[in-house]
Amino acid sequence: MDPRQGLRLLLPARPVDRDRPARPGQGPRRPRGHLHRGRRAAAVRPHQPAAVRRPDPGLAHLAGDDAAARGRRAHGHPVGGRSPGTGAAGGGHDRGPGHADQHRRRRRHHLDRRGRAMTSPTSGVRTRFCPSPTGTVHVGLLRTALFNWAHARHTGGTFVVRIEDTDAARDSEESYRHLLDSLRWLGLDWDEGPEVGGPHAPYRQSQRHEVYRDVAAKLLAAGHAYESFSTNEEVEARRLAAGQDPKLGYDNADRFLTDEQKAAFRAEGREPVLRLRMPDEDLAWTDLVRGEVRFAAGSVPDFVVVRANGVPLYPFVNPVDDALMGITDVLRGEDLLPSTPRQLALYAALQDIGVASGAPRFGHLPYVTGEGSKKLSKRDPQSNVDVYRQRGFVPEGFANYLALLGWAIAEDRDVFSTAELAEAFDVTRVSANPARFDLKKAEAINATHLRALPVGEFVTRVVPFLAGAGLVADPPTPEQERLLRAIAPLVQERVVVLSDAVELLRFLFVEDVEIDPAAAAKQLSGPEAAEVLDAAAAALRDLGDWTTEAVEAALRTALVDGLGRKPRQAFGPVRVAVSGRTVSPPLYESIELLGRERTLARLAAARAAVPG
RNA sequence: GCCCCCAUCGUCUAGCGGUCCAGGACGCCGCCCUUUCAAGGCGGUAGCACGGGUUCGAACCCCGUUGGGGGCACCA
């Protein structure tokens, strides 16, 4: 029952894919989206088994619980029949209003009952995240991973990670590790994939080279693929000769070459590429996030599946692996949407030769854009997940914000945990609009999560940042630990990212503070300041009870009552003297924790620095 | 050029024919609290791109326009 086992044959290979995450950019355009949404909601319910899956041996998807819905949806689905080509031609006419209502409420139909061969626990849903380990991890990529993970978790399905490392020139072991590390940091775990294994191993395409050749051979033998000898120049010349735009691409001219013709080409020394024969019907599918999407018959030319040198290409390898791994739901970046008709055609062919049991459902996620309407390119520093991590975004907060890029948990709420995301996530409710990455909002969400952390946890997370700045040991000494526990609650609500704590706490972990020039100019410039510092020092020098309360009382008495200063004028100089900055944790507490010795020393140092 | 996607406050969104003179959040602006900064509380600013339909009724359905974006490789 596992057709895939049979496929492991030879095949050079190296291609592969990577579903690009949604990237940046774009804007608005024509009306109509709304209906799609309604339609989509009615037609596509996430957890349903993939539409139509026919014979399916090993792939456990399908089986759903709602046969009726399935049949209904089948129309809109690709690869319904066995006719090799065909997407769901003609689909579209289904779903009446009634169905809509009926399917509208979100419930989760876990299609359990399947069980067999699958590893997936409670439902047949199998999602995958298949990045290429090149360079940095893009926020859009991580968002794609998050949604795939959430969809799998929400439906009780299986989340698969597959590494598409077939580009030796760009891939690196370092990025591979970094990628996995980033996923784990975000809090995503996978059921099958690298370092975890699984029934469909290996999960790194660089180790799956042999798998593709057999599939290509079968496709050729079954007539779904054919040898094509045309060069690009020849194709262009033919199009021009026919008065057509050369940009239309390949003209399917080699579809019916005779053996003699092929032999003649070979005699010339030409080696053919393998092209997939596209069906003559429209290719359409009901996108999980966009509703029906349709490409007219003939608008997509036969595409190359295997190069002349035997190397299979991404558009071929990616779907093949998805089929072999039983992927039922493909959530990927919007940029891959135009290639979906080709995948649908390929799936139909794969199904015909027994490699696939039906096409998966597709959900094309909107782009994540940067400032302006420009796309958030991998080159844009803002797209690099590492910078957020390094600044001290906490995974809970970052995941929360990422989820907000195209999805909403409720009308009046936007702060939630990753677990709550999994609990409530519904792909069909993902917006089709591109979403701009708003740093301010990301920070606000992060700050909220930071404040919600238990104090001890906050300390644990902030230590690496303080240690990195050389302020505390890692782990902290008992005394440092004591200070941190005491001051943490006060800084926790004053930071947006963990690294903010460094400057806020520096004064507490150094012997002498370096006074910020600007702060000094503002608070330590005149005779009033000198007067305040002297009075403060006098009041604290012999203070009996060195507690926050006692410190406050002493300073108020001396400065406010004694000197008649307004609180603002009274405490400003003291704050700068003690912390070196105009912004600091609450003064009295800070002084208590700093201790009498250092406090008095700083007051004296600041006094000496006051000009005049 | 061809194909496809998208279109509600500055930003992310809710909205699935009437309950919307459109709700939330971030941002921004006030006020309160206050030893700074935050946090918190209160209040405010700001939006259905346009034009036709359909309908008793449209932000929601249809068509078009305009405006964004993406894809058109023997790259992934």
# chains A, B, ... in the order shown; residues from 1 in each chain; ligands from 1
>>> interface_residues(of="chain B", to="chain A", cutoff="9 Å", atoms="only C-alpha atoms (C1' of nucleotides)", output="number ranges by chain")
B: 1-7, 11-14, 16, 23-27, 35-39, 49, 60-62, 66-72, 74-76
>>> write_last_selection(atoms="C-alpha atoms (C1' of nucleotides)", output="PDB file, in the first residue's frame")
ATOM      1  C1'   G B   1       2.236  42.313 -23.339  1.00  0.00           C
ATOM      2  C1'   C B   2      -0.389  37.877 -21.316  1.00  0.00           C
ATOM      3  C1'   C B   3      -2.276  35.375 -16.866  1.00  0.00           C
ATOM      4  C1'   C B   4      -3.508  35.531 -11.757  1.00  0.00           C
ATOM      5  C1'   C B   5      -4.257  37.692  -6.905  1.00  0.00           C
ATOM      6  C1'   C B   6      -5.804  41.899  -3.851  1.00  0.00           C
ATOM      7  C1'   A B   7      -9.097  46.558  -2.431  1.00  0.00           C
ATOM      8  C1'   U B  11      -1.267  50.192   9.822  1.00  0.00           C
ATOM      9  C1'   C B  12      -3.374  45.019  10.950  1.00  0.00           C
ATOM     10  C1'   U B  13      -8.187  43.720  10.943  1.00  0.00           C
ATOM     11  C1'   A B  14     -13.996  42.566  12.430  1.00  0.00           C
ATOM     12  C1'   C B  16     -20.507  37.096   5.324  1.00  0.00           C
ATOM     13  C1'   G B  23     -16.399  47.339  15.905  1.00  0.00           C
ATOM     14  C1'   G B  24     -11.276  46.146  17.967  1.00  0.00           C
ATOM     15  C1'   A B  25      -5.999  46.747  18.113  1.00  0.00           C
ATOM     16  C1'   C B  26      -1.364  49.464  17.031  1.00  0.00           C
ATOM     17  C1'   G B  27      -0.054  54.457  16.082  1.00  0.00           C
ATOM     18  C1'   U B  35       9.498  61.001  41.596  1.00  0.00           C
ATOM     19  C1'   U B  36      11.315  60.043  35.565  1.00  0.00           C
ATOM     20  C1'   C B  37       9.803  56.568  31.982  1.00  0.00           C
ATOM     21  C1'   A B  38       6.420  53.126  31.531  1.00  0.00           C
ATOM     22  C1'   A B  39       2.049  50.630  32.942  1.00  0.00           C
ATOM     23  C1'   A B  49     -11.327  53.469  -3.849  1.00  0.00           C
ATOM     24  C1'   C B  60     -21.281  42.934   2.352  1.00  0.00           C
ATOM     25  C1'   C B  61     -23.924  39.921  -4.197  1.00  0.00           C
ATOM     26  C1'   C B  62     -22.728  40.914  -9.805  1.00  0.00           C
ATOM     27  C1'   U B  66      -9.071  52.887 -11.224  1.00  0.00           C
ATOM     28  C1'   G B  67      -5.281  51.628  -8.223  1.00  0.00           C
ATOM     29  C1'   G B  68      -1.735  47.984  -5.943  1.00  0.00           C
ATOM     30  C1'   G B  69       0.929  43.287  -6.121  1.00  0.00           C
ATOM     31  C1'   G B  70       2.651  38.716  -8.123  1.00  0.00           C
ATOM     32  C1'   G B  71       3.756  35.187 -12.029  1.00  0.00           C
ATOM     33  C1'   C B  72       5.143  34.338 -16.964  1.00  0.00           C
ATOM     34  C1'   C B  74      16.007  23.386 -18.833  1.00  0.00           C
ATOM     35  C1'   C B  75      15.575  28.979 -10.518  1.00  0.00           C
ATOM     36  C1'   A B  76      13.903  27.305  -6.581  1.00  0.00           C
TER      37        A B  76
END
>>> residues_around(residues="range 224-226 of chain A", least_positions_apart="4", cutoff="7 Å", atoms="only C-alpha atoms (C1' of nucleotides)", output="list in words")
Leu219, Leu220, Arg255, Leu274, Arg275, Leu276, Arg277 and Ala349 of chain A
>>> residues_around(residues="Val455 in chain A", least_positions_apart="2", cutoff="8 Å", atoms="only C-alpha atoms (C1' of nucleotides)", output="list of chain:residue names")
A:Leu453, A:Glu457, A:Phe458, A:Val459, A:Arg485, A:Ala488, A:Pro489
>>> atom_distance(atom1="CA of Ala284 in chain A", atom2="CA of Leu344 in chain A")
8.3 Å
